[in-house]
$ cat query11.cif   # mmCIF, C-alpha atoms and all ligand atoms
data_upload
#
loop_
_atom_site.label_atom_id
_atom_site.label_comp_id
_atom_site.auth_asym_id
_atom_site.auth_seq_id
_atom_site.Cartn_x
_atom_site.Cartn_y
_atom_site.Cartn_z
CA MET V 28 -11.39 -7.53 0.66
CA VAL V 29 -12.52 -10.94 -0.57
CA VAL V 30 -13.68 -11.94 -4.04
CA VAL V 31 -15.82 -15.06 -4.28
CA GLY V 32 -15.46 -16.51 -7.77
CA ALA V 33 -12.57 -16.03 -10.16
CA GLY V 34 -14.75 -16.48 -13.22
CA GLY V 35 -16.15 -13.93 -15.64
CA ILE V 36 -16.99 -11.27 -13.04
CA GLY V 37 -13.81 -12.00 -11.11
CA SER V 38 -11.75 -11.62 -14.27
CA ALA V 39 -12.78 -7.96 -14.39
CA VAL V 40 -12.91 -7.27 -10.65
CA ILE V 41 -9.62 -8.84 -9.58
CA PRO V 42 -7.26 -7.00 -11.99
CA ALA V 43 -9.06 -3.70 -11.33
CA LEU V 44 -8.65 -4.04 -7.56
CA ALA V 45 -5.04 -5.17 -7.86
CA GLY V 46 -4.27 -2.25 -10.15
CA ALA V 47 -5.96 0.16 -7.75
CA GLY V 48 -3.61 -1.01 -5.01
CA ILE V 49 -6.02 -2.86 -2.72
CA GLY V 50 -3.83 -3.93 0.18
CA GLN V 51 -5.25 -7.33 0.89
CA LEU V 52 -7.23 -9.53 -1.49
CA THR V 53 -8.55 -13.00 -0.79
CA ILE V 54 -9.68 -14.95 -3.86
CA ILE V 55 -11.97 -17.92 -3.32
CA ASP V 56 -12.73 -20.37 -6.13
CA ASP V 57 -12.77 -24.16 -6.08
CA ASP V 58 -12.83 -24.53 -9.85
CA VAL V 59 -10.18 -25.26 -12.46
CA VAL V 60 -9.89 -23.55 -15.83
CA GLU V 61 -11.69 -25.11 -18.78
CA LEU V 62 -11.18 -24.06 -22.37
CA GLY V 63 -14.87 -23.13 -22.57
CA ASN V 64 -14.28 -20.43 -19.89
CA LEU V 65 -11.71 -18.47 -21.83
CA HIS V 66 -14.07 -16.25 -23.84
CA ARG V 67 -15.35 -14.63 -20.65
CA GLN V 68 -12.48 -15.16 -18.22
CA PRO V 69 -9.47 -13.22 -19.54
CA LEU V 70 -7.49 -13.93 -16.39
CA PHE V 71 -6.66 -17.26 -18.01
CA ARG V 72 -4.96 -18.61 -21.12
CA GLU V 73 -5.24 -21.85 -23.06
CA ARG V 74 -2.29 -23.40 -21.29
CA ASP V 75 -3.98 -22.80 -17.92
CA ALA V 76 -6.62 -25.47 -18.62
CA GLY V 77 -6.90 -27.85 -15.70
CA TYR V 78 -5.21 -25.55 -13.17
CA SER V 79 -6.77 -23.83 -10.15
CA LYS V 80 -8.48 -20.53 -10.93
CA ALA V 81 -7.72 -19.19 -7.45
CA ASP V 82 -3.99 -19.92 -7.81
CA LEU V 83 -3.85 -18.49 -11.34
CA ALA V 84 -5.72 -15.37 -10.23
CA LEU V 85 -3.15 -14.91 -7.46
CA GLN V 86 -0.32 -15.11 -10.02
CA TYR V 87 -2.14 -12.55 -12.18
CA VAL V 88 -2.43 -10.18 -9.23
CA GLN V 89 1.25 -10.57 -8.39
CA ARG V 90 2.21 -9.71 -11.96
CA ILE V 91 0.14 -6.50 -11.78
CA ASN V 92 1.09 -5.35 -8.30
CA HIS V 93 3.34 -7.35 -5.98
CA PHE V 94 2.43 -5.07 -3.08
CA VAL V 95 -1.04 -6.63 -2.94
CA ASN V 96 -1.18 -9.24 -0.22
CA ALA V 97 -3.26 -11.82 -2.08
CA GLU V 98 -4.41 -15.17 -0.76
CA PRO V 99 -5.99 -17.90 -2.88
CA ILE V 100 -8.47 -20.30 -1.31
CA GLN V 101 -9.55 -23.37 -3.28
CA GLN V 102 -12.89 -24.06 -1.72
CA ARG V 103 -16.50 -23.94 -2.78
CA VAL V 104 -18.44 -21.53 -0.57
CA GLY V 105 -21.58 -22.98 0.95
CA ALA V 106 -23.76 -22.45 3.99
CA GLU V 107 -21.44 -24.63 6.09
CA ASN V 108 -18.23 -22.69 5.53
CA ALA V 109 -19.20 -19.20 4.33
CA ALA V 110 -18.87 -17.46 7.69
CA ASP V 111 -15.42 -18.97 8.35
CA LEU V 112 -14.13 -18.00 4.92
CA LEU V 113 -15.51 -14.46 4.88
CA THR V 114 -14.96 -13.28 8.43
CA GLY V 115 -12.31 -10.62 8.94
CA HIS V 116 -12.73 -8.95 5.55
CA ASP V 117 -13.95 -5.37 5.11
CA LEU V 118 -15.93 -6.02 1.91
CA VAL V 119 -17.19 -9.19 0.25
CA ILE V 120 -17.50 -9.16 -3.53
CA ASP V 121 -19.51 -12.06 -4.86
CA GLY V 122 -19.06 -12.93 -8.51
CA SER V 123 -19.97 -16.59 -8.18
CA ASP V 124 -22.09 -18.31 -10.81
CA ASN V 125 -24.87 -19.94 -8.83
CA PHE V 126 -27.63 -18.95 -6.44
CA ALA V 127 -26.74 -21.48 -3.74
CA THR V 128 -23.34 -19.89 -3.26
CA ARG V 129 -24.68 -16.35 -3.55
CA LEU V 130 -27.31 -16.94 -0.89
CA ALA V 131 -24.83 -18.65 1.44
CA VAL V 132 -22.46 -15.70 1.01
CA SER V 133 -25.27 -13.21 1.61
CA ASP V 134 -26.57 -14.95 4.73
CA ALA V 135 -23.06 -15.06 6.17
CA CYS V 136 -22.53 -11.36 5.42
CA VAL V 137 -25.77 -10.48 7.23
CA ARG V 138 -24.72 -12.55 10.26
CA LEU V 139 -21.19 -11.12 10.30
CA GLY V 140 -22.29 -7.54 9.59
CA LEU V 141 -20.15 -7.38 6.42
CA PRO V 142 -21.05 -5.30 3.37
CA LEU V 143 -21.71 -7.45 0.30
CA LEU V 144 -21.28 -6.40 -3.28
CA SER V 145 -23.05 -8.91 -5.47
CA ALA V 146 -22.48 -8.99 -9.23
CA ALA V 147 -23.88 -11.33 -11.83
CA ALA V 148 -24.20 -11.55 -15.60
CA VAL V 149 -25.99 -14.05 -17.75
CA GLN V 150 -27.05 -14.00 -21.38
CA PHE V 151 -27.54 -10.26 -22.04
CA GLN V 152 -28.39 -9.13 -18.50
CA GLY V 153 -26.14 -7.99 -15.70
CA GLN V 154 -26.76 -6.74 -12.19
CA VAL V 155 -24.67 -5.24 -9.42
CA GLY V 156 -25.92 -4.45 -5.93
CA LEU V 157 -24.38 -3.38 -2.64
CA PHE V 158 -25.99 -4.71 0.52
CA ARG V 159 -25.40 -3.63 4.09
CA GLY V 160 -27.47 -5.87 6.31
CA LYS V 161 -31.00 -4.83 5.43
CA PRO V 162 -32.17 -5.18 2.69
CA CYS V 163 -30.01 -8.18 1.90
CA TYR V 164 -29.49 -10.19 -1.27
CA ARG V 165 -32.02 -12.77 -0.01
CA CYS V 166 -34.70 -10.04 0.23
CA PHE V 167 -34.11 -9.54 -3.48
CA VAL V 168 -34.13 -13.14 -4.77
CA GLY V 169 -36.17 -14.97 -2.12
CA ASP V 170 -35.70 -18.50 -0.84
CA ALA V 171 -36.44 -20.53 -3.95
CA PHE V 172 -32.88 -20.85 -5.20
CA ASP V 173 -30.94 -22.18 -2.22
CA THR V 174 -30.12 -25.48 -3.86
CA ASP V 175 -30.47 -24.39 -7.45
CA ASP V 176 -27.72 -23.83 -9.99
CA CYS V 177 -30.27 -22.70 -12.56
CA ASP V 178 -28.41 -19.60 -13.65
CA ASN V 179 -25.09 -21.29 -14.30
CA CYS V 180 -23.30 -19.32 -17.02
CA ALA V 181 -21.91 -22.45 -18.61
CA GLU V 182 -25.47 -23.57 -19.36
CA LEU V 183 -27.10 -20.29 -20.33
CA GLY V 184 -24.15 -18.56 -21.93
CA VAL V 185 -22.81 -15.07 -21.49
CA LEU V 186 -20.63 -12.82 -23.58
CA GLY V 187 -17.21 -11.96 -22.23
CA ALA V 188 -17.87 -8.33 -23.11
CA LEU V 189 -20.90 -8.38 -20.78
CA THR V 190 -19.13 -9.97 -17.81
CA GLY V 191 -16.32 -7.48 -18.41
CA ALA V 192 -18.68 -4.50 -18.36
CA VAL V 193 -20.58 -5.69 -15.29
CA GLY V 194 -17.43 -6.79 -13.44
CA SER V 195 -15.72 -3.47 -14.11
CA PHE V 196 -18.79 -1.63 -12.80
CA ALA V 197 -18.66 -3.80 -9.67
CA ALA V 198 -14.97 -3.00 -9.17
CA LEU V 199 -15.69 0.69 -9.52
CA LEU V 200 -18.52 0.46 -7.02
CA ALA V 201 -16.23 -1.43 -4.62
CA ILE V 202 -13.53 1.22 -4.83
CA ASN V 203 -16.07 4.05 -4.53
CA SER V 204 -17.62 2.35 -1.53
CA ILE V 205 -14.32 1.80 0.27
CA LEU V 206 -13.20 5.36 -0.38
CA GLY V 207 -16.62 6.93 0.21
CA ILE V 208 -16.58 8.67 -3.17
CA SER V 209 -20.16 8.29 -4.34
CA GLU V 210 -23.37 8.57 -2.35
CA GLU V 211 -24.45 5.50 -0.40
CA GLN V 212 -25.24 2.70 -2.84
CA ALA V 213 -26.56 0.10 -0.39
CA GLY V 214 -30.01 -1.18 -1.24
CA LYS V 215 -29.79 -0.14 -4.88
CA LEU V 216 -29.61 -2.60 -7.72
CA HIS V 217 -27.86 -1.50 -10.89
CA MET V 218 -29.04 -3.48 -13.89
CA PHE V 219 -27.39 -3.57 -17.28
CA ASP V 220 -29.27 -4.55 -20.41
CA GLY V 221 -26.73 -5.75 -22.93
CA GLU V 222 -29.22 -5.59 -25.80
CA LYS V 223 -30.42 -2.04 -25.13
CA LEU V 224 -26.92 -1.11 -23.92
CA ALA V 225 -28.35 0.76 -20.96
CA TRP V 226 -28.02 0.77 -17.18
CA ARG V 227 -30.91 1.42 -14.87
CA THR V 228 -31.08 1.54 -11.09
CA ILE V 229 -33.87 0.39 -8.82
CA GLY V 230 -34.26 0.38 -5.05
CA ILE V 231 -34.60 -2.98 -3.31
CA PRO V 232 -37.15 -3.01 -0.48
CA ALA V 233 -36.33 -4.98 2.66
CA ASP V 234 -38.51 -8.07 3.06
CA PRO V 235 -39.81 -8.03 6.65
CA THR V 236 -40.20 -11.83 6.48
CA CYS V 237 -36.68 -12.39 5.09
CA ARG V 238 -35.15 -15.28 6.97
CA ALA V 239 -31.70 -13.68 6.89
CA CYS V 240 -32.29 -10.03 7.79
CA GLY V 241 -35.97 -9.89 8.77
CA SER V 242 -37.38 -9.71 12.26
CA PRO V 243 -37.36 -13.08 14.06
ZN ZN J 1 -33.04 -9.89 3.73
#
$ encode --input "query11.cif" --output "structure tokens"
Amino acid sequence: MVVVGAGGIGSAVIPALAGAGIGQLTIIDDDVVELGNLHRQPLFRERDAGYSKADLALQYVQRINHFVNAEPIQQRVGAENAADLLTGHDLVIDGSDNFATRLAVSDACVRLGLPLLSAAAVQFQGQVGLFRGKPCYRCFVGDAFDTDDCDNCAELGVLGALTGAVGSFAALLAINSILGISEEQAGKLHMFDGEKLAWRTIGIPADPTCRACGSP
């Protein structure tokens, strides 16, 4: 399993997977800890400022469960390297904080035939979706955001309690999916409204003109 992003979503997903005894966990994040991250990224402490999030997340995993074979990768995922970084994993969990990365991850998953669990939270809204080829994440968001970091959490703000709730839901969905516990979740988007304190689920239609999963 691979987790892209050891930020707010990753801070909930990574400990949950390590505690559940996931055998192999790759953690990809090119960022270093900043003090302004700490309210939503409980993997890290004040003294971690300036250090690699991927390396610190690995240490956190090892403290929880040393049987987990965890590998940190300090790279930013983009269209040029996504396939290389993700290939060989059984599930990709994307908790990155920008659309360019999310779309690059999604496109690579479609090409490689890998299931993608995408999770995001910003302001008071969260969303979690599992994608298996078609529909894909690009069907959902379209092509407008490939170079856009417009939803960066550092700019718009997000409560740590929200990223925790959404990230924990994503971890649960990941475990359910791997173990086949719940009914098939692919193509459904679970949305959490942090003001109404309610989840709702919608179906995502495949876009026949999608440039990732649509017909050529
Ligand atoms: Zn698509």
$ closest_residue --input "query11.cif" --among "V:Leu206, V:Cys163, V:Ala198, V:Leu186" --to "Gly241 in chain V" --atoms "only C-alpha atoms"
V:Cys163
$ closest_residue --input "query11.cif" --among "V:Thr53, V:Gln68, V:Thr190, V:Leu118" --to "Asn203 in chain V" --atoms "all atoms listed in the file"
V:Leu118
$ closest_residue --input "query11.cif" --among "V:Ala192, V:Ile49, V:Ala84, V:Ile41" --to "Asn96 in chain V" --atoms "only C-alpha atoms"
V:Ile49
$ residues_around --input "query11.cif" --residues "Ile91 in chain V" --least-positions-apart "6" --cutoff "8 Å" --atoms "all atoms listed in the file" --output "PyMOL selection string"
chain V and resi 42+45-46
$ closest_atom_pairs --input "query11.cif" --of "range 141-197 of chain V" --to "range 233-239 of chain V" --cutoff "10 Å" --atoms "only C-alpha atoms" --output "Markdown table"
| residue | atom | partner | partner_atom | distance |
| --- | --- | --- | --- | --- |
| V:Gly160 | CA | V:Ala239 | CA | 8.9 |
| V:Lys161 | CA | V:Ala233 | CA | 6.0 |
| V:Pro162 | CA | V:Ala233 | CA | 4.2 |
| V:Cys163 | CA | V:Ala233 | CA | 7.1 |
| V:Tyr164 | CA | V:Ala239 | CA | 9.1 |
| V:Arg165 | CA | V:Cys237 | CA | 6.9 |
| V:Cys166 | CA | V:Asp234 | CA | 5.1 |
| V:Phe167 | CA | V:Ala233 | CA | 8.0 |
| V:Gly169 | CA | V:Cys237 | CA | 7.7 |
| V:Asp170 | CA | V:Arg238 | CA | 8.5 |
$ closest_residue --input "query11.cif" --among "V:Val137, V:Ile205, V:Ala110, V:Leu83" --to "ligand ZN 1 (chain J)" --atoms "all atoms listed in the file"
V:Val137
